Amino acid sequence: MKIDILSIFPSMFASVFEESILKRAQDKGIVKIEIHDFREFSPDPHKKVDFPPFGGGAGMLLRPEPIFECVESLKTEESYVILLTPDGQIYKQEQAYSLSLKMHLILICGHYEGFDERIRTLADLELSIGDYVLTGGEYAAMVLADSVIRLLPGVIKEESHKNDSFTNHLLDYPSYTKPRVFRGMEVPSVLLSGDHKKIAEYRLEESIKRTKERRPDLLER
Ligand code: 6GU
């Protein structure tokens with residue numbers, strides 16, 4: 001998979017993609033990530049990318065030309081263009097799965113107080129990562145890239161995401177490791193029993209119980 005990210009703050013991404021699992025996925029050639037500073041595409045002599053809104057009002061808007069030209073320089077038949085914006089549809093795990101099947105993602109980070117409405121016409125999909133406002137789409141692009149890359153074959157063991165919270169509309173079951181007793185808190189005996197059928201039943205029950213308690217909305221879906 002190829003992921004191109006358009007941002008006027010490219011350095012924000014450096015450490016995020018150069019650590020741990022995401023770094024390994026790139027080293028193995030499973031994903032290629034490129035950050036593009038669309039400021040370079042600005043027609044303005046001072047490379048300005050934002051202007052005040054027509055009709056007045058607070059704040060500055062990203063102008064369309066640099067983003068259009070940057071996207072057009074990257075786009076192929078296999079590209080899927082996503083605009084990160086708080087008024088997009090809320091991003092969910094199911095979408096992470098469907099995006100993990102794409103060959104090429106182009107992520108556009110909105111910034112400042114907003115962007116020219118015509119920029120939306122570039123996008124196949126508009127996504128928000130939750131009902132709160134961030135200073136920019138960069139954080140959302142990182143969240144999206146991480147959640148998609150970990151699902152690509154060979155990045156982590158499939159076993160590890162088959163049981164992820166949300167995959168089956170259920171939260172994860174409780175897990176324990178050594179020691180068997182820690183400050184008086186014991187590991188449930190069924191997990192030490194070696195009875196795999198009983199363990200699977202226990203885990204499913206605990207998953208359902210936890211989901212009912214914490215996220216009843218997931219069970220209704
Ligand atoms: Cl994608 N962008 C911004 N600026 N804020 C957000 C968001 C995106 N998703 C949730 N809040």
# chains A, B, ... in the order shown; residues from 1 in each chain; ligands from 1
>>> closest_atom_pairs(of="chain A", to="ligand 1", cutoff="7 Å", atoms="only C-alpha atoms and all ligand atoms", output="CSV")
residue,atom,partner,partner_atom_place_in_ligand_line,distance
A:Leu84,CA,ligand 1,1 (Cl),3.7
A:Thr85,CA,ligand 1,1 (Cl),3.7
A:Pro86,CA,ligand 1,7 (C),4.0
A:Gly110,CA,ligand 1,4 (N),6.4
A:His111,CA,ligand 1,4 (N),6.4
A:Leu127,CA,ligand 1,1 (Cl),5.8
A:Ser128,CA,ligand 1,9 (N),3.6
A:Ile129,CA,ligand 1,9 (N),3.9
A:Gly130,CA,ligand 1,10 (C),4.4
A:Asp131,CA,ligand 1,10 (C),5.7
A:Tyr132,CA,ligand 1,11 (N),4.8
A:Val133,CA,ligand 1,5 (N),4.0
A:Leu134,CA,ligand 1,5 (N),3.7
A:Thr135,CA,ligand 1,4 (N),5.1
A:Gly136,CA,ligand 1,4 (N),4.0
A:Gly137,CA,ligand 1,2 (N),4.0
A:Ala140,CA,ligand 1,1 (Cl),4.8
>>> residues_around(residues="Ser42 in chain A", least_positions_apart="2", cutoff="9 Å", atoms="only C-alpha atoms", output="PyMOL selection string")
chain A and resi 38-40+44-49+63+65-67+69
>>> write_last_selection(atoms="N, CA, C and O atoms", output="CSV table (one decimal), in the first residue's frame")
chain,number,residue,atom,x,y,z
A,38,PHE,N,2.0,20.8,0.7
A,38,PHE,CA,1.3,21.3,-0.5
A,38,PHE,C,1.6,22.8,-0.6
A,38,PHE,O,1.2,23.4,-1.6
A,39,ARG,N,2.2,23.4,0.4
A,39,ARG,CA,2.7,24.8,0.2
A,39,ARG,C,3.5,25.0,-1.0
A,39,ARG,O,3.5,26.1,-1.7
A,40,GLU,N,4.3,24.0,-1.3
A,40,GLU,CA,5.2,24.1,-2.5
A,40,GLU,C,4.4,24.3,-3.8
A,40,GLU,O,4.9,24.7,-4.8
A,44,ASP,N,1.2,31.5,-5.1
A,44,ASP,CA,1.6,32.8,-4.5
A,44,ASP,C,3.1,32.9,-4.4
A,44,ASP,O,3.8,32.0,-4.1
A,45,PRO,N,3.7,34.1,-4.7
A,45,PRO,CA,5.1,34.3,-4.6
A,45,PRO,C,5.7,34.0,-3.2
A,45,PRO,O,6.8,33.6,-3.0
A,46,HIS,N,4.8,34.3,-2.2
A,46,HIS,CA,5.3,34.0,-0.8
A,46,HIS,C,4.8,32.7,-0.3
A,46,HIS,O,4.8,32.4,0.9
A,47,LYS,N,4.3,31.9,-1.2
A,47,LYS,CA,3.8,30.5,-0.9
A,47,LYS,C,2.7,30.5,0.1
A,47,LYS,O,2.6,29.6,0.9
A,48,LYS,N,1.9,31.6,0.1
A,48,LYS,CA,0.8,31.6,1.0
A,48,LYS,C,-0.3,30.6,0.6
A,48,LYS,O,-0.5,30.4,-0.5
A,49,VAL,N,-0.8,29.9,1.6
A,49,VAL,CA,-1.8,28.9,1.3
A,49,VAL,C,-3.2,29.2,1.9
A,49,VAL,O,-4.2,28.5,1.7
A,63,ARG,N,-6.7,27.8,0.6
A,63,ARG,CA,-7.2,28.0,-0.8
A,63,ARG,C,-7.1,26.7,-1.6
A,63,ARG,O,-6.3,25.8,-1.3
A,65,GLU,N,-6.1,25.9,-4.9
A,65,GLU,CA,-5.1,25.5,-5.9
A,65,GLU,C,-4.0,24.6,-5.5
A,65,GLU,O,-3.7,23.6,-6.1
A,66,PRO,N,-3.3,24.9,-4.4
A,66,PRO,CA,-2.2,24.0,-4.0
A,66,PRO,C,-2.6,22.6,-3.7
A,66,PRO,O,-1.9,21.7,-4.1
A,67,ILE,N,-3.8,22.4,-3.1
A,67,ILE,CA,-4.2,21.1,-2.7
A,67,ILE,C,-4.7,20.4,-4.0
A,67,ILE,O,-4.3,19.2,-4.2
A,69,GLU,N,-3.5,20.8,-7.0
A,69,GLU,CA,-2.4,20.5,-7.8
A,69,GLU,C,-1.6,19.4,-7.2
A,69,GLU,O,-1.1,18.5,-7.9
>>> residues_around(residues="Lys32 in chain A", least_positions_apart="3", cutoff="9 Å", atoms="only C-alpha atoms", output="count of residues only")
8
>>> select_by_dssp(residues="chain A", states="strand (DSSP E or B)", output="VMD selection string")
chain A and resid 2 to 6 32 to 36 50 to 51 61 to 62 79 to 90 104 to 109 111 114 to 115 125 to 128 136 181 to 182 185 to 186
>>> select_by_dssp(residues="range 38-148 of chain A", states="helix (DSSP H, G or I)", output="PDB file with N, CA and C atoms, in the first residue's frame")
ATOM      1  N   PHE A  38       2.015  20.758   0.684  1.00  0.00           N
ATOM      2  CA  PHE A  38       1.344  21.328  -0.490  1.00  0.00           C
ATOM      3  C   PHE A  38       1.593  22.828  -0.635  1.00  0.00           C
ATOM      4  N   ARG A  39       2.248  23.410   0.365  1.00  0.00           N
ATOM      5  CA  ARG A  39       2.655  24.820   0.244  1.00  0.00           C
ATOM      6  C   ARG A  39       3.524  25.016  -1.012  1.00  0.00           C
ATOM      7  N   GLU A  40       4.298  23.974  -1.330  1.00  0.00           N
ATOM      8  CA  GLU A  40       5.171  24.060  -2.513  1.00  0.00           C
ATOM      9  C   GLU A  40       4.383  24.291  -3.801  1.00  0.00           C
ATOM     10  N   PHE A  41       3.099  23.928  -3.770  1.00  0.00           N
ATOM     11  CA  PHE A  41       2.265  24.073  -4.966  1.00  0.00           C
ATOM     12  C   PHE A  41       1.515  25.410  -4.990  1.00  0.00           C
ATOM     13  N   PRO A  64      -7.851  26.627  -2.675  1.00  0.00           N
ATOM     14  CA  PRO A  64      -7.929  25.326  -3.339  1.00  0.00           C
ATOM     15  C   PRO A  64      -6.738  24.939  -4.221  1.00  0.00           C
ATOM     16  N   GLU A  65      -6.109  25.915  -4.898  1.00  0.00           N
ATOM     17  CA  GLU A  65      -5.135  25.535  -5.944  1.00  0.00           C
ATOM     18  C   GLU A  65      -4.008  24.607  -5.478  1.00  0.00           C
ATOM     19  N   PRO A  66      -3.311  24.918  -4.357  1.00  0.00           N
ATOM     20  CA  PRO A  66      -2.184  24.050  -3.982  1.00  0.00           C
ATOM     21  C   PRO A  66      -2.626  22.608  -3.707  1.00  0.00           C
ATOM     22  N   ILE A  67      -3.774  22.447  -3.060  1.00  0.00           N
ATOM     23  CA  ILE A  67      -4.240  21.101  -2.718  1.00  0.00           C
ATOM     24  C   ILE A  67      -4.663  20.352  -3.986  1.00  0.00           C
ATOM     25  N   PHE A  68      -5.370  21.042  -4.877  1.00  0.00           N
ATOM     26  CA  PHE A  68      -5.756  20.402  -6.147  1.00  0.00           C
ATOM     27  C   PHE A  68      -4.519  19.944  -6.920  1.00  0.00           C
ATOM     28  N   GLU A  69      -3.548  20.827  -7.028  1.00  0.00           N
ATOM     29  CA  GLU A  69      -2.373  20.467  -7.839  1.00  0.00           C
ATOM     30  C   GLU A  69      -1.567  19.361  -7.204  1.00  0.00           C
ATOM     31  N   CYS A  70      -1.476  19.396  -5.904  1.00  0.00           N
ATOM     32  CA  CYS A  70      -0.724  18.337  -5.217  1.00  0.00           C
ATOM     33  C   CYS A  70      -1.428  16.992  -5.392  1.00  0.00           C
ATOM     34  N   VAL A  71      -2.739  16.959  -5.181  1.00  0.00           N
ATOM     35  CA  VAL A  71      -3.487  15.703  -5.357  1.00  0.00           C
ATOM     36  C   VAL A  71      -3.364  15.214  -6.803  1.00  0.00           C
ATOM     37  N   GLU A  72      -3.527  16.125  -7.753  1.00  0.00           N
ATOM     38  CA  GLU A  72      -3.467  15.716  -9.162  1.00  0.00           C
ATOM     39  C   GLU A  72      -2.093  15.172  -9.548  1.00  0.00           C
ATOM     40  N   SER A  73      -1.033  15.640  -8.873  1.00  0.00           N
ATOM     41  CA  SER A  73       0.308  15.133  -9.178  1.00  0.00           C
ATOM     42  C   SER A  73       0.519  13.714  -8.650  1.00  0.00           C
ATOM     43  N   LEU A  74      -0.356  13.282  -7.731  1.00  0.00           N
ATOM     44  CA  LEU A  74      -0.168  11.981  -7.075  1.00  0.00           C
ATOM     45  C   LEU A  74      -1.181  10.938  -7.532  1.00  0.00           C
ATOM     46  N   GLN A  93     -13.863   1.183  13.103  1.00  0.00           N
ATOM     47  CA  GLN A  93     -12.997   0.043  12.786  1.00  0.00           C
ATOM     48  C   GLN A  93     -13.366  -0.639  11.462  1.00  0.00           C
ATOM     49  N   GLU A  94     -14.682  -0.748  11.185  1.00  0.00           N
ATOM     50  CA  GLU A  94     -15.106  -1.373   9.911  1.00  0.00           C
ATOM     51  C   GLU A  94     -14.474  -0.665   8.717  1.00  0.00           C
ATOM     52  N   GLN A  95     -14.405   0.671   8.836  1.00  0.00           N
ATOM     53  CA  GLN A  95     -13.824   1.450   7.754  1.00  0.00           C
ATOM     54  C   GLN A  95     -12.314   1.208   7.659  1.00  0.00           C
ATOM     55  N   ALA A  96     -11.682   1.015   8.806  1.00  0.00           N
ATOM     56  CA  ALA A  96     -10.253   0.697   8.793  1.00  0.00           C
ATOM     57  C   ALA A  96     -10.033  -0.574   7.971  1.00  0.00           C
ATOM     58  N   TYR A  97     -10.896  -1.583   8.170  1.00  0.00           N
ATOM     59  CA  TYR A  97     -10.785  -2.820   7.386  1.00  0.00           C
ATOM     60  C   TYR A  97     -10.966  -2.547   5.900  1.00  0.00           C
ATOM     61  N   SER A  98     -11.986  -1.773   5.535  1.00  0.00           N
ATOM     62  CA  SER A  98     -12.186  -1.586   4.092  1.00  0.00           C
ATOM     63  C   SER A  98     -11.071  -0.724   3.490  1.00  0.00           C
ATOM     64  N   LEU A  99     -10.565   0.243   4.249  1.00  0.00           N
ATOM     65  CA  LEU A  99      -9.460   1.046   3.711  1.00  0.00           C
ATOM     66  C   LEU A  99      -8.170   0.226   3.591  1.00  0.00           C
ATOM     67  N   GLU A 117     -14.605  25.482   0.271  1.00  0.00           N
ATOM     68  CA  GLU A 117     -15.588  24.425   0.060  1.00  0.00           C
ATOM     69  C   GLU A 117     -15.283  23.549  -1.162  1.00  0.00           C
ATOM     70  N   ARG A 118     -14.682  24.147  -2.190  1.00  0.00           N
ATOM     71  CA  ARG A 118     -14.435  23.404  -3.434  1.00  0.00           C
ATOM     72  C   ARG A 118     -13.427  22.278  -3.264  1.00  0.00           C
ATOM     73  N   ILE A 119     -12.635  22.335  -2.169  1.00  0.00           N
ATOM     74  CA  ILE A 119     -11.667  21.267  -1.901  1.00  0.00           C
ATOM     75  C   ILE A 119     -12.374  19.932  -1.670  1.00  0.00           C
ATOM     76  N   ARG A 120     -13.599  20.001  -1.156  1.00  0.00           N
ATOM     77  CA  ARG A 120     -14.353  18.751  -0.901  1.00  0.00           C
ATOM     78  C   ARG A 120     -14.565  17.916  -2.160  1.00  0.00           C
ATOM     79  N   THR A 121     -14.590  18.581  -3.330  1.00  0.00           N
ATOM     80  CA  THR A 121     -14.865  17.832  -4.567  1.00  0.00           C
ATOM     81  C   THR A 121     -13.732  16.874  -4.923  1.00  0.00           C
ATOM     82  N   LEU A 122     -12.569  17.045  -4.291  1.00  0.00           N
ATOM     83  CA  LEU A 122     -11.441  16.139  -4.554  1.00  0.00           C
ATOM     84  C   LEU A 122     -11.600  14.801  -3.835  1.00  0.00           C
ATOM     85  N   GLY A 137      -6.011  18.486  10.752  1.00  0.00           N
ATOM     86  CA  GLY A 137      -6.269  17.107  10.334  1.00  0.00           C
ATOM     87  C   GLY A 137      -5.054  16.192  10.467  1.00  0.00           C
ATOM     88  N   GLU A 138      -3.894  16.763  10.812  1.00  0.00           N
ATOM     89  CA  GLU A 138      -2.678  15.938  10.910  1.00  0.00           C
ATOM     90  C   GLU A 138      -2.840  14.795  11.915  1.00  0.00           C
ATOM     91  N   TYR A 139      -3.418  15.119  13.080  1.00  0.00           N
ATOM     92  CA  TYR A 139      -3.590  14.076  14.110  1.00  0.00           C
ATOM     93  C   TYR A 139      -4.514  12.985  13.597  1.00  0.00           C
ATOM     94  N   ALA A 140      -5.554  13.405  12.895  1.00  0.00           N
ATOM     95  CA  ALA A 140      -6.501  12.445  12.350  1.00  0.00           C
ATOM     96  C   ALA A 140      -5.835  11.568  11.280  1.00  0.00           C
ATOM     97  N   ALA A 141      -4.974  12.175  10.466  1.00  0.00           N
ATOM     98  CA  ALA A 141      -4.269  11.404   9.435  1.00  0.00           C
ATOM     99  C   ALA A 141      -3.360  10.354  10.075  1.00  0.00           C
ATOM    100  N   MET A 142      -2.726  10.711  11.191  1.00  0.00           N
ATOM    101  CA  MET A 142      -1.862   9.751  11.904  1.00  0.00           C
ATOM    102  C   MET A 142      -2.689   8.597  12.457  1.00  0.00           C
ATOM    103  N   VAL A 143      -3.818   8.934  13.038  1.00  0.00           N
ATOM    104  CA  VAL A 143      -4.718   7.915  13.602  1.00  0.00           C
ATOM    105  C   VAL A 143      -5.195   6.973  12.494  1.00  0.00           C
ATOM    106  N   LEU A 144      -5.622   7.560  11.408  1.00  0.00           N
ATOM    107  CA  LEU A 144      -6.115   6.766  10.285  1.00  0.00           C
ATOM    108  C   LEU A 144      -5.011   5.853   9.735  1.00  0.00           C
ATOM    109  N   ALA A 145      -3.831   6.430   9.482  1.00  0.00           N
ATOM    110  CA  ALA A 145      -2.735   5.636   8.910  1.00  0.00           C
ATOM    111  C   ALA A 145      -2.368   4.486   9.851  1.00  0.00           C
ATOM    112  N   ASP A 146      -2.253   4.758  11.132  1.00  0.00           N
ATOM    113  CA  ASP A 146      -1.897   3.714  12.099  1.00  0.00           C
ATOM    114  C   ASP A 146      -2.924   2.594  12.099  1.00  0.00           C
ATOM    115  N   SER A 147      -4.189   2.959  12.149  1.00  0.00           N
ATOM    116  CA  SER A 147      -5.247   1.953  12.266  1.00  0.00           C
ATOM    117  C   SER A 147      -5.362   1.102  11.005  1.00  0.00           C
ATOM    118  N   VAL A 148      -5.005   1.663   9.862  1.00  0.00           N
ATOM    119  CA  VAL A 148      -5.055   0.910   8.599  1.00  0.00           C
ATOM    120  C   VAL A 148      -3.797   0.038   8.449  1.00  0.00           C
TER     121      VAL A 148
END
>>> closest_residue(among="A:Arg183, A:Arg150, A:Lys197, A:His36", to="Ser20 in chain A", atoms="only C-alpha atoms")
A:Arg150
>>> atom_distance(atom1="CA of Leu204 in chain A", atom2="CA of Tyr173 in chain A")
7.1 Å
>>> atom_distance(atom1="CA of His169 in chain A", atom2="CA of Glu205 in chain A")
13.7 Å
>>> atom_distance(atom1="CA of Thr211 in chain A", atom2="CA of Leu170 in chain A")
5.9 Å
>>> residues_around(residues="Phe51 in chain A", least_positions_apart="5", cutoff="8 Å", atoms="only C-alpha atoms", output="list in words")
Met60, Leu61, Leu62 and Arg63 of chain A
>>> write_last_selection(atoms="N, CA and C atoms", output="short mmCIF file (atom, residue, chain, number, x, y, z; two decimals), in the first residue's frame")
data_model
loop_
_atom_site.label_atom_id
_atom_site.label_comp_id
_atom_site.auth_asym_id
_atom_site.auth_seq_id
_atom_site.Cartn_x
_atom_site.Cartn_y
_atom_site.Cartn_z
N MET A 60 -8.95 32.13 8.68
CA MET A 60 -8.37 32.02 7.34
C MET A 60 -8.76 30.66 6.76
N LEU A 61 -8.89 30.61 5.44
CA LEU A 61 -9.26 29.36 4.79
C LEU A 61 -8.13 28.89 3.87
N LEU A 62 -7.93 27.58 3.81
CA LEU A 62 -6.98 27.04 2.85
C LEU A 62 -7.54 27.27 1.45
N ARG A 63 -6.73 27.80 0.57
CA ARG A 63 -7.16 28.04 -0.81
C ARG A 63 -7.09 26.74 -1.60
#
